[in-house]
>>> print(open('input.cif').read())   # mmCIF, C-alpha atoms and all ligand atoms
data_data
loop_
_atom_site.label_atom_id
_atom_site.label_comp_id
_atom_site.auth_asym_id
_atom_site.auth_seq_id
_atom_site.Cartn_x
_atom_site.Cartn_y
_atom_site.Cartn_z
CA MET H 1 77.76 99.19 125.33
CA LYS H 2 79.39 102.61 125.06
CA ILE H 3 82.96 101.90 123.94
CA PHE H 4 85.78 104.43 123.69
CA ILE H 5 88.60 103.21 121.42
CA THR H 6 92.01 104.84 121.64
CA GLY H 7 94.26 104.36 118.63
CA GLY H 8 91.21 104.04 116.37
CA SER H 9 93.24 105.28 113.41
CA GLY H 10 95.91 102.60 113.79
CA LEU H 11 96.42 99.26 112.08
CA LEU H 12 94.27 97.42 114.62
CA GLY H 13 92.07 100.35 115.63
CA GLN H 14 90.49 100.70 112.19
CA TYR H 15 89.47 97.02 112.30
CA LEU H 16 88.03 97.61 115.79
CA ASN H 17 86.01 100.55 114.45
CA ILE H 18 84.51 98.32 111.75
CA GLY H 19 83.99 95.35 114.09
CA LEU H 20 82.41 97.22 117.00
CA ASN H 21 80.39 99.99 115.33
CA GLY H 22 76.73 99.09 114.94
CA LYS H 23 76.89 96.43 117.66
CA HIS H 24 77.95 99.10 120.17
CA GLU H 25 77.96 102.88 120.49
CA ILE H 26 81.56 103.79 119.79
CA LEU H 27 83.71 106.86 120.11
CA THR H 28 87.05 106.37 118.39
CA GLN H 29 90.18 108.47 118.87
CA TYR H 30 92.82 109.49 116.35
CA CYS H 31 95.70 111.93 116.49
CA SER H 32 97.64 112.70 113.31
CA ASN H 33 96.03 110.31 110.77
CA PRO H 34 92.22 109.98 110.78
CA GLY H 35 92.11 106.71 108.80
CA ASN H 36 88.54 105.39 108.79
CA CYS H 37 87.74 107.15 112.12
CA ILE H 38 86.07 109.99 110.25
CA LYS H 39 83.37 107.54 109.08
CA PHE H 40 82.49 106.94 112.74
CA ASN H 41 81.81 108.94 115.88
CA SER H 42 85.37 110.12 116.41
CA VAL H 43 87.55 112.59 118.24
CA ARG H 44 90.99 114.00 117.55
CA LEU H 45 93.14 113.96 120.68
CA SER H 46 96.77 113.64 121.72
CA LEU H 47 97.34 111.02 124.40
CA GLU H 48 99.49 113.62 126.13
CA ASP H 49 96.48 115.94 126.53
CA PHE H 50 95.33 114.56 129.88
CA ASP H 51 92.70 117.30 130.40
CA GLY H 52 91.25 116.57 126.97
CA MET H 53 91.13 112.87 127.88
CA GLU H 54 89.16 113.63 131.05
CA LYS H 55 86.69 115.76 129.06
CA ILE H 56 86.01 112.73 126.85
CA PHE H 57 85.24 110.52 129.84
CA ASN H 58 83.08 113.26 131.32
CA SER H 59 81.00 113.72 128.19
CA PHE H 60 80.92 110.19 126.69
CA HIS H 61 80.91 108.11 129.91
CA PRO H 62 82.32 104.94 128.28
CA GLU H 63 81.40 101.59 129.80
CA ILE H 64 84.46 100.08 128.12
CA VAL H 65 87.71 101.70 127.04
CA ILE H 66 89.84 99.80 124.52
CA HIS H 67 93.29 101.32 124.81
CA ALA H 68 95.18 100.51 121.61
CA ALA H 69 96.96 103.85 121.09
CA ALA H 70 100.68 103.74 121.68
CA VAL H 71 104.09 104.28 120.26
CA SER H 72 103.55 100.83 118.86
CA ASN H 73 106.85 99.22 117.98
CA ALA H 74 110.51 99.16 118.93
CA GLU H 75 111.78 100.99 115.85
CA LYS H 76 109.30 103.89 116.27
CA ALA H 77 110.13 104.16 119.97
CA ASP H 78 113.86 104.34 119.28
CA GLN H 79 113.31 107.31 116.96
CA LEU H 80 111.68 109.37 119.75
CA PRO H 81 113.08 110.83 122.99
CA ALA H 82 112.70 108.20 125.72
CA ASP H 83 110.69 110.55 127.98
CA LYS H 84 108.15 111.09 125.20
CA VAL H 85 107.72 107.35 124.70
CA TYR H 86 107.32 106.99 128.47
CA ASN H 87 104.73 109.76 128.57
CA ILE H 88 102.66 108.21 125.78
CA ASN H 89 102.96 104.53 126.72
CA VAL H 90 103.15 104.77 130.51
CA ASN H 91 101.83 108.08 131.86
CA ALA H 92 98.89 108.23 129.45
CA THR H 93 98.02 104.61 130.28
CA LEU H 94 98.10 105.49 133.99
CA LYS H 95 95.86 108.51 133.34
CA ILE H 96 93.40 106.37 131.36
CA SER H 97 93.35 103.76 134.17
CA GLU H 98 92.64 106.46 136.75
CA LEU H 99 89.83 107.84 134.60
CA CYS H 100 88.42 104.33 134.11
CA ALA H 101 88.43 103.88 137.89
CA LYS H 102 86.78 107.29 138.41
CA TYR H 103 84.10 106.82 135.74
CA SER H 104 83.54 103.07 136.38
CA SER H 105 84.71 101.99 132.92
CA LYS H 106 86.29 98.63 132.13
CA LEU H 107 89.74 98.95 130.52
CA ILE H 108 90.93 96.60 127.79
CA TYR H 109 94.62 97.31 127.24
CA PHE H 110 96.78 96.15 124.35
CA SER H 111 100.15 95.06 125.60
CA THR H 112 102.57 93.02 123.49
CA ASP H 113 104.13 89.58 123.12
CA LEU H 114 107.48 91.40 123.33
CA VAL H 115 107.15 91.70 127.13
CA TYR H 116 108.42 88.09 127.22
CA ALA H 117 112.07 87.25 127.07
CA GLY H 118 111.99 85.45 123.76
CA TYR H 119 114.87 83.08 124.32
CA ARG H 120 113.34 80.52 126.67
CA GLY H 121 111.54 78.32 124.17
CA SER H 122 108.11 78.43 122.79
CA THR H 123 104.38 78.74 123.49
CA LEU H 124 104.83 80.86 126.58
CA LYS H 125 102.10 81.00 129.20
CA GLU H 126 101.01 84.24 130.88
CA ASP H 127 103.17 83.52 133.94
CA ALA H 128 106.38 83.12 131.89
CA LYS H 129 109.33 85.33 132.75
CA LEU H 130 109.00 88.93 131.54
CA ILE H 131 112.16 90.47 130.11
CA PRO H 132 111.36 93.29 127.68
CA ILE H 133 114.53 94.15 125.79
CA SER H 134 113.47 97.32 123.95
CA LEU H 135 112.25 100.68 125.24
CA TYR H 136 108.96 99.93 123.48
CA ALA H 137 108.40 96.61 125.24
CA GLU H 138 109.56 97.99 128.57
CA THR H 139 107.07 100.89 128.43
CA LYS H 140 104.24 98.55 127.38
CA LEU H 141 105.00 96.36 130.40
CA MET H 142 105.10 99.44 132.64
CA GLY H 143 101.68 100.33 131.23
CA GLU H 144 100.46 96.91 132.45
CA MET H 145 101.92 97.58 135.90
CA LYS H 146 100.30 101.03 136.17
CA ILE H 147 96.90 99.54 135.34
CA LYS H 148 97.25 96.75 137.92
CA GLN H 149 98.32 99.26 140.58
CA THR H 150 95.33 101.50 139.85
CA PHE H 151 92.27 99.22 139.87
CA ASP H 152 90.88 95.76 139.12
CA ASN H 153 88.45 96.35 136.29
CA TYR H 154 90.86 95.59 133.47
CA ILE H 155 91.71 93.02 130.83
CA ILE H 156 95.31 93.08 129.64
CA LEU H 157 95.95 91.48 126.26
CA ARG H 158 99.49 90.52 125.29
CA GLU H 159 98.98 90.95 121.58
CA ALA H 160 100.91 88.77 119.14
CA LEU H 161 102.04 89.67 115.63
CA LEU H 162 99.03 90.99 113.66
CA ILE H 163 98.61 89.83 110.07
CA GLY H 164 96.28 91.07 107.35
CA PHE H 165 96.12 94.19 105.22
CA GLY H 166 96.57 97.66 106.66
CA LEU H 167 93.66 99.98 105.90
CA ASN H 168 94.23 103.51 104.55
CA HIS H 169 97.68 104.77 105.65
CA THR H 170 98.54 101.75 107.84
CA THR H 171 100.69 98.77 106.91
CA ASN H 172 102.60 95.89 108.49
CA ASN H 173 105.16 93.27 107.48
CA PHE H 174 102.47 90.90 106.21
CA HIS H 175 101.03 93.58 103.93
CA LYS H 176 104.50 94.53 102.64
CA MET H 177 105.36 90.87 102.05
CA TYR H 178 102.12 90.35 100.10
CA ALA H 179 102.73 93.47 97.99
CA SER H 180 106.30 92.44 97.12
CA LEU H 181 105.36 88.86 96.21
CA LYS H 182 102.48 90.12 94.07
CA ARG H 183 104.97 92.26 92.14
CA ASN H 184 107.12 89.13 91.78
CA GLU H 185 109.85 90.67 93.94
CA PRO H 186 112.03 88.64 96.33
CA VAL H 187 111.33 88.69 100.06
CA THR H 188 113.77 87.88 102.87
CA LEU H 189 112.25 86.32 105.99
CA PHE H 190 113.64 85.13 109.31
CA THR H 191 113.83 81.38 109.80
CA ASP H 192 114.67 81.77 113.49
CA GLN H 193 112.03 84.24 114.66
CA PHE H 194 108.86 82.57 115.93
CA ARG H 195 105.49 84.20 116.63
CA SER H 196 101.82 83.19 117.06
CA PRO H 197 100.22 85.39 114.40
CA LEU H 198 96.66 86.62 114.71
CA ALA H 199 94.62 88.11 111.85
CA LEU H 200 93.43 91.69 112.29
CA HIS H 201 89.81 90.86 111.50
CA GLU H 202 89.95 87.92 113.94
CA ALA H 203 91.36 90.20 116.65
CA ALA H 204 88.45 92.60 116.16
CA ARG H 205 85.92 89.76 116.33
CA MET H 206 87.54 88.32 119.45
CA ILE H 207 87.58 91.75 121.13
CA GLU H 208 83.85 92.10 120.48
CA GLU H 209 83.28 88.70 122.10
CA LEU H 210 85.54 89.58 125.01
CA SER H 211 83.96 92.96 125.63
CA VAL H 212 80.55 91.48 126.51
CA LYS H 213 81.98 88.83 128.87
CA ASN H 214 82.08 89.40 132.59
CA ILE H 215 85.87 89.23 132.99
CA SER H 216 88.11 91.53 135.01
CA GLY H 217 91.57 91.53 136.56
CA GLU H 218 92.96 89.09 133.98
CA ILE H 219 95.94 89.00 131.65
CA PHE H 220 95.65 87.00 128.42
CA ASN H 221 97.97 86.05 125.63
CA PHE H 222 96.01 87.34 122.62
CA CYS H 223 97.22 85.31 119.68
CA GLY H 224 96.59 82.68 117.07
CA ASN H 225 96.93 78.94 117.58
CA GLU H 226 100.18 78.19 115.79
CA ARG H 227 103.88 78.76 116.40
CA LEU H 228 105.34 79.85 113.07
CA SER H 229 108.58 81.36 111.90
CA ARG H 230 108.25 84.41 109.68
CA TYR H 231 109.55 82.22 106.82
CA GLU H 232 106.85 79.59 107.43
CA LEU H 233 104.23 82.36 107.38
CA GLY H 234 105.57 83.43 103.98
CA GLU H 235 105.32 79.85 102.74
CA ILE H 236 101.66 79.61 103.79
CA LEU H 237 100.92 82.92 102.04
CA CYS H 238 102.55 81.60 98.85
CA GLU H 239 100.58 78.35 99.05
CA GLU H 240 97.28 80.21 99.45
CA THR H 241 97.93 82.85 96.76
CA GLY H 242 99.93 80.83 94.24
CA PHE H 243 102.83 83.28 94.56
CA ASP H 244 106.22 81.76 93.71
CA LYS H 245 107.87 80.24 96.81
CA ASN H 246 111.25 80.67 95.12
CA LEU H 247 110.91 84.41 95.82
CA LEU H 248 111.34 83.63 99.54
CA THR H 249 114.83 83.66 101.05
CA GLY H 250 115.39 82.47 104.61
CA LYS H 251 117.82 84.41 106.79
CA THR H 252 118.77 84.29 110.45
CA MET H 253 118.58 87.31 112.75
CA GLU H 254 122.37 87.19 113.10
CA GLU H 255 122.80 87.53 109.34
CA ARG H 256 120.56 90.65 109.32
CA LYS H 257 122.31 92.28 112.33
CA LEU H 258 119.04 93.11 114.08
CA ASN H 259 119.02 95.49 117.06
CA TYR H 260 116.59 93.33 119.02
CA LYS H 261 116.90 89.61 118.49
CA VAL H 262 113.61 88.41 119.96
CA ALA H 263 113.75 84.83 118.77
CA ASP H 264 110.67 83.10 120.08
CA VAL H 265 107.70 84.80 121.70
CA SER H 266 105.19 82.28 120.41
CA LEU H 267 102.36 82.19 122.90
CA ASN H 268 100.13 79.64 124.56
CA ASN H 269 96.46 80.68 124.24
CA GLU H 270 94.86 78.01 126.48
CA LYS H 271 93.73 80.62 128.99
CA LEU H 272 91.98 82.71 126.33
CA ARG H 273 90.32 79.58 124.92
CA SER H 274 89.19 78.55 128.41
CA TYR H 275 87.13 81.77 128.44
CA GLY H 276 85.51 80.78 125.15
CA ILE H 277 87.56 83.09 122.91
CA GLN H 278 88.98 81.10 120.01
CA SER H 279 90.98 82.20 116.98
CA LYS H 280 90.82 80.51 113.59
CA GLY H 281 94.03 78.90 112.32
CA VAL H 282 96.51 80.98 110.33
CA ARG H 283 95.81 79.24 107.02
CA ASP H 284 92.04 79.74 107.34
CA SER H 285 92.59 83.33 108.46
CA ILE H 286 94.78 84.01 105.41
CA LYS H 287 92.11 82.45 103.17
CA GLU H 288 89.58 84.89 104.67
CA ILE H 289 91.95 87.86 104.33
CA LEU H 290 92.44 87.05 100.65
CA ALA H 291 88.76 86.26 99.97
CA LYS H 292 87.45 89.41 101.60
CA GLY H 293 90.29 91.53 100.20
CA LEU H 294 90.48 92.97 103.70
N1 LIG H 301 100.70 95.54 115.18
C1 LIG H 301 101.13 94.51 115.88
O1 LIG H 301 101.54 93.46 115.31
C2 LIG H 301 101.13 94.57 117.40
C3 LIG H 301 101.73 93.50 118.10
C4 LIG H 301 101.74 93.55 119.49
C5 LIG H 301 101.14 94.61 120.16
N2 LIG H 301 100.57 95.63 119.46
C6 LIG H 301 99.94 96.72 120.24
O2 LIG H 301 98.61 96.87 119.75
C7 LIG H 301 98.24 98.24 119.76
C8 LIG H 301 97.81 98.68 118.38
O3 LIG H 301 98.91 98.52 117.50
P1 LIG H 301 98.86 99.03 115.99
O4 LIG H 301 99.75 98.17 115.21
O5 LIG H 301 97.43 99.20 115.57
O6 LIG H 301 99.55 100.46 116.14
P2 LIG H 301 99.60 101.66 115.09
O7 LIG H 301 99.10 101.25 113.77
O8 LIG H 301 100.97 102.26 115.16
O9 LIG H 301 98.58 102.72 115.69
C9 LIG H 301 98.91 103.45 116.83
C10 LIG H 301 97.72 104.31 117.20
O10 LIG H 301 98.10 105.10 118.33
C11 LIG H 301 97.84 106.47 118.05
N3 LIG H 301 98.83 107.29 118.70
C12 LIG H 301 100.18 107.11 118.72
N4 LIG H 301 100.76 108.10 119.42
C13 LIG H 301 99.77 108.89 119.88
C14 LIG H 301 99.71 110.07 120.67
N5 LIG H 301 100.81 110.66 121.15
N6 LIG H 301 98.52 110.62 120.94
C15 LIG H 301 97.38 110.06 120.45
N7 LIG H 301 97.35 108.95 119.70
C16 LIG H 301 98.53 108.37 119.42
C17 LIG H 301 97.93 106.60 116.54
O11 LIG H 301 97.19 107.74 116.12
P3 LIG H 301 97.55 108.57 114.77
O12 LIG H 301 98.12 107.61 113.77
O13 LIG H 301 96.24 109.16 114.34
O14 LIG H 301 98.53 109.60 115.18
C18 LIG H 301 97.29 105.28 116.10
O15 LIG H 301 95.90 105.39 116.13
C19 LIG H 301 99.44 99.02 120.30
O16 LIG H 301 99.24 99.27 121.67
C20 LIG H 301 100.61 98.08 120.10
O17 LIG H 301 101.60 98.28 121.08
C21 LIG H 301 100.55 95.63 118.10
#
>>> encode(input="input.cif", output="structure tokens")
Amino acid sequence: MKIFITGGSGLLGQYLNIGLNGKHEILTQYCSNPGNCIKFNSVRLSLEDFDGMEKIFNSFHPEIVIHAAAVSNAEKADQLPADKVYNINVNATLKISELCAKYSSKLIYFSTDLVYAGYRGSTLKEDAKLIPISLYAETKLMGEMKIKQTFDNYIILREALLIGFGLNHTTNNFHKMYASLKRNEPVTLFTDQFRSPLALHEAARMIEELSVKNISGEIFNFCGNERLSRYELGEILCEETGFDKNLLTGKTMEERKLNYKVADVSLNNEKLRSYGIQSKGVRDSIKEILAKGL
């Protein structure tokens, strides 16, 4: 398969580059930070350069486009003008959908667990109520809507919290937590924020499996199997590494005065599993992360 990856320099994208290259012919996009893209067939492009995007489709003719590039979290989005976030997360997604329709490419789009309301209880199914509360989540949901309005040859993945080590310049809360605990420094974690974490290397493997399946017009929760609070995740990391659990302090979102109190967007992954895509458990995933030094 010829696969064009947007956001190839990101936290997830660099794992996709490693997971897909060799099995497929990839072209991977970066913008300001090359990351590991420069080891692969890569292109530097702004998502706001719509003409440049069309040139890529015209020359590479991807069979699959994995669209992971985005202003990728609520804090980053709030630091930018809203129209810029909209242009990157919504207009560029619309442009990519239109190009996929024109060039007969399948689109795999990374949405987010934060499109769900987060206060209604746990293990949400794909048809649960959607109430994005940040600009980030709202624009990711609008990206979903633009795709669905454009064509049918898509897979939308509502991505859960990604755990594992960031490669090169990238990082995440899991990586920061690991680094602090390793230095014997205390870590504060929410006891009332629940997610269904998925390991980065597992996500890349599952995407490879998904990309060769004959699926279109579907939305999936893309997540691990367990509902865990951030504190419980820290406890598992301590148990698997031998780090001191006494370094962990539990706090509530109220105590930390968070802007966006998204309590529980733990996801149900029955639909994904019914298509034969299965994640390993969090504990086994963490064992693999530590063993491979990913
Ligand atoms: N990480 C998570 O836990 C998580 C959870 C739910 C959903 N997601 C979704 O999963 C996807 C990947 O997330 P991630 O954590 O890998 O994000 P990330 O590390 O922030 O990477 C974002 C990627 O998008 C590119 N990008 C951003 N703005 C761009 C622009 N204007 N033009 C061109 N490229 C641009 C970045 O390129 P440069 O760095 O080279 O500029 C980078 O490759 C995103 O769509 C995100 O919304 C992530």
>>> residues_near_ligand(input="input.cif", ligand="ligand LIG 301 (chain H)", cutoff="6 Å", atoms="only C-alpha atoms and all ligand atoms", output="PyMOL selection string")
chain H and resi 7-13+30-34+45-48+68-72+88+110-113+159-162+170
>>> write_last_selection(input="input.cif", atoms="C-alpha atoms", output="PDB file, in the frame of the given file")
ATOM      1  CA  GLY H   7      94.260 104.360 118.630  1.00  0.00           C
ATOM      2  CA  GLY H   8      91.210 104.040 116.370  1.00  0.00           C
ATOM      3  CA  SER H   9      93.240 105.280 113.410  1.00  0.00           C
ATOM      4  CA  GLY H  10      95.910 102.600 113.790  1.00  0.00           C
ATOM      5  CA  LEU H  11      96.420  99.260 112.080  1.00  0.00           C
ATOM      6  CA  LEU H  12      94.270  97.420 114.620  1.00  0.00           C
ATOM      7  CA  GLY H  13      92.070 100.350 115.630  1.00  0.00           C
ATOM      8  CA  TYR H  30      92.820 109.490 116.350  1.00  0.00           C
ATOM      9  CA  CYS H  31      95.700 111.930 116.490  1.00  0.00           C
ATOM     10  CA  SER H  32      97.640 112.700 113.310  1.00  0.00           C
ATOM     11  CA  ASN H  33      96.030 110.310 110.770  1.00  0.00           C
ATOM     12  CA  PRO H  34      92.220 109.980 110.780  1.00  0.00           C
ATOM     13  CA  LEU H  45      93.140 113.960 120.680  1.00  0.00           C
ATOM     14  CA  SER H  46      96.770 113.640 121.720  1.00  0.00           C
ATOM     15  CA  LEU H  47      97.340 111.020 124.400  1.00  0.00           C
ATOM     16  CA  GLU H  48      99.490 113.620 126.130  1.00  0.00           C
ATOM     17  CA  ALA H  68      95.180 100.510 121.610  1.00  0.00           C
ATOM     18  CA  ALA H  69      96.960 103.850 121.090  1.00  0.00           C
ATOM     19  CA  ALA H  70     100.680 103.740 121.680  1.00  0.00           C
ATOM     20  CA  VAL H  71     104.090 104.280 120.260  1.00  0.00           C
ATOM     21  CA  SER H  72     103.550 100.830 118.860  1.00  0.00           C
ATOM     22  CA  ILE H  88     102.660 108.210 125.780  1.00  0.00           C
ATOM     23  CA  PHE H 110      96.780  96.150 124.350  1.00  0.00           C
ATOM     24  CA  SER H 111     100.150  95.060 125.600  1.00  0.00           C
ATOM     25  CA  THR H 112     102.570  93.020 123.490  1.00  0.00           C
ATOM     26  CA  ASP H 113     104.130  89.580 123.120  1.00  0.00           C
ATOM     27  CA  GLU H 159      98.980  90.950 121.580  1.00  0.00           C
ATOM     28  CA  ALA H 160     100.910  88.770 119.140  1.00  0.00           C
ATOM     29  CA  LEU H 161     102.040  89.670 115.630  1.00  0.00           C
ATOM     30  CA  LEU H 162      99.030  90.990 113.660  1.00  0.00           C
ATOM     31  CA  THR H 170      98.540 101.750 107.840  1.00  0.00           C
TER      32      THR H 170
END
>>> residues_near_point(input="input.cif", point="(111.7, 96.0, 115.1)", cutoff="8 Å", atoms="only C-alpha atoms", output="PyMOL selection string")
chain H and resi 73-75+258-260
>>> write_last_selection(input="input.cif", atoms="C-alpha atoms", output="short mmCIF file (atom, residue, chain, number, x, y, z; two decimals), in the coordinates of the input")
data_model
loop_
_atom_site.label_atom_id
_atom_site.label_comp_id
_atom_site.auth_asym_id
_atom_site.auth_seq_id
_atom_site.Cartn_x
_atom_site.Cartn_y
_atom_site.Cartn_z
CA ASN H 73 106.85 99.22 117.98
CA ALA H 74 110.51 99.16 118.93
CA GLU H 75 111.78 100.99 115.85
CA LEU H 258 119.04 93.11 114.08
CA ASN H 259 119.02 95.49 117.06
CA TYR H 260 116.59 93.33 119.02
#
>>> atom_distance(input="input.cif", atom1="CA of Ile18 (chain H)", atom2="CA of Ala204 (chain H)")
8.2 Å
>>> atom_distance(input="input.cif", atom1="CA of Ala128 (chain H)", atom2="CA of Tyr116 (chain H)")
7.1 Å
>>> closest_residue(input="input.cif", among="H:Glu63, H:Phe190, H:Tyr154, H:Glu138", to="Lys257 (chain H)", atoms="only C-alpha atoms")
H:Phe190
>>> closest_residue(input="input.cif", among="H:Ile56, H:Ile64, H:Leu272, H:Leu210", to="Lys2 (chain H)", atoms="all atoms listed in the file")
H:Ile64
>>> atom_distance(input="input.cif", atom1="CA of Val262 (chain H)", atom2="CA of Ser229 (chain H)")
11.8 Å
>>> residues_around(input="input.cif", residues="Ile108 (chain H)", least_positions_apart="3", cutoff="7 Å", atoms="all atoms listed in the file", output="list of chain:residue names")
H:Val65, H:Ile66, H:His67, H:Tyr154, H:Ile155, H:Ile156
>>> closest_residue(input="input.cif", among="H:Val187, H:Leu80, H:Ile163, H:Ala101", to="Phe243 (chain H)", atoms="all atoms listed in the file")
H:Val187
>>> decode(input="input.cif", residues="region 127-143 of chain H", atoms="N, CA and C atoms", output="PDB file, in the first residue's frame")
ATOM      1  N   ASP H 127     -21.782   5.712  20.038  1.00  0.00           N
ATOM      2  CA  ASP H 127     -22.993   6.524  19.862  1.00  0.00           C
ATOM      3  C   ASP H 127     -23.325   7.352  21.109  1.00  0.00           C
ATOM      4  N   ALA H 128     -22.391   7.432  22.051  1.00  0.00           N
ATOM      5  CA  ALA H 128     -22.624   8.253  23.257  1.00  0.00           C
ATOM      6  C   ALA H 128     -22.690   9.729  22.866  1.00  0.00           C
ATOM      7  N   LYS H 129     -23.263  10.508  23.768  1.00  0.00           N
ATOM      8  CA  LYS H 129     -23.452  11.934  23.490  1.00  0.00           C
ATOM      9  C   LYS H 129     -22.106  12.642  23.320  1.00  0.00           C
ATOM     10  N   LEU H 130     -22.042  13.515  22.306  1.00  0.00           N
ATOM     11  CA  LEU H 130     -20.798  14.242  22.019  1.00  0.00           C
ATOM     12  C   LEU H 130     -20.924  15.666  22.526  1.00  0.00           C
ATOM     13  N   ILE H 131     -20.099  16.014  23.498  1.00  0.00           N
ATOM     14  CA  ILE H 131     -20.096  17.398  23.999  1.00  0.00           C
ATOM     15  C   ILE H 131     -18.644  17.827  24.219  1.00  0.00           C
ATOM     16  N   PRO H 132     -17.969  18.256  23.142  1.00  0.00           N
ATOM     17  CA  PRO H 132     -16.590  18.715  23.328  1.00  0.00           C
ATOM     18  C   PRO H 132     -16.589  20.023  24.115  1.00  0.00           C
ATOM     19  N   ILE H 133     -15.727  20.123  25.112  1.00  0.00           N
ATOM     20  CA  ILE H 133     -15.796  21.349  25.935  1.00  0.00           C
ATOM     21  C   ILE H 133     -14.622  22.290  25.695  1.00  0.00           C
ATOM     22  N   SER H 134     -13.652  21.889  24.891  1.00  0.00           N
ATOM     23  CA  SER H 134     -12.533  22.794  24.580  1.00  0.00           C
ATOM     24  C   SER H 134     -12.562  23.108  23.092  1.00  0.00           C
ATOM     25  N   LEU H 135     -11.862  24.177  22.714  1.00  0.00           N
ATOM     26  CA  LEU H 135     -11.733  24.514  21.291  1.00  0.00           C
ATOM     27  C   LEU H 135     -11.090  23.333  20.552  1.00  0.00           C
ATOM     28  N   TYR H 136     -10.077  22.757  21.173  1.00  0.00           N
ATOM     29  CA  TYR H 136      -9.404  21.598  20.564  1.00  0.00           C
ATOM     30  C   TYR H 136     -10.405  20.498  20.219  1.00  0.00           C
ATOM     31  N   ALA H 137     -11.163  20.063  21.227  1.00  0.00           N
ATOM     32  CA  ALA H 137     -12.078  18.932  21.012  1.00  0.00           C
ATOM     33  C   ALA H 137     -13.175  19.299  20.019  1.00  0.00           C
ATOM     34  N   GLU H 138     -13.614  20.547  20.087  1.00  0.00           N
ATOM     35  CA  GLU H 138     -14.669  20.991  19.167  1.00  0.00           C
ATOM     36  C   GLU H 138     -14.170  20.937  17.723  1.00  0.00           C
ATOM     37  N   THR H 139     -12.936  21.399  17.498  1.00  0.00           N
ATOM     38  CA  THR H 139     -12.422  21.405  16.110  1.00  0.00           C
ATOM     39  C   THR H 139     -12.126  19.980  15.631  1.00  0.00           C
ATOM     40  N   LYS H 140     -11.745  19.095  16.550  1.00  0.00           N
ATOM     41  CA  LYS H 140     -11.528  17.692  16.134  1.00  0.00           C
ATOM     42  C   LYS H 140     -12.860  17.062  15.728  1.00  0.00           C
ATOM     43  N   LEU H 141     -13.920  17.381  16.478  1.00  0.00           N
ATOM     44  CA  LEU H 141     -15.240  16.853  16.118  1.00  0.00           C
ATOM     45  C   LEU H 141     -15.717  17.447  14.790  1.00  0.00           C
ATOM     46  N   MET H 142     -15.435  18.733  14.580  1.00  0.00           N
ATOM     47  CA  MET H 142     -15.818  19.339  13.299  1.00  0.00           C
ATOM     48  C   MET H 142     -15.039  18.693  12.155  1.00  0.00           C
ATOM     49  N   GLY H 143     -13.807  18.310  12.416  1.00  0.00           N
ATOM     50  CA  GLY H 143     -13.040  17.552  11.414  1.00  0.00           C
ATOM     51  C   GLY H 143     -13.770  16.263  11.040  1.00  0.00           C
TER      52      GLY H 143
END
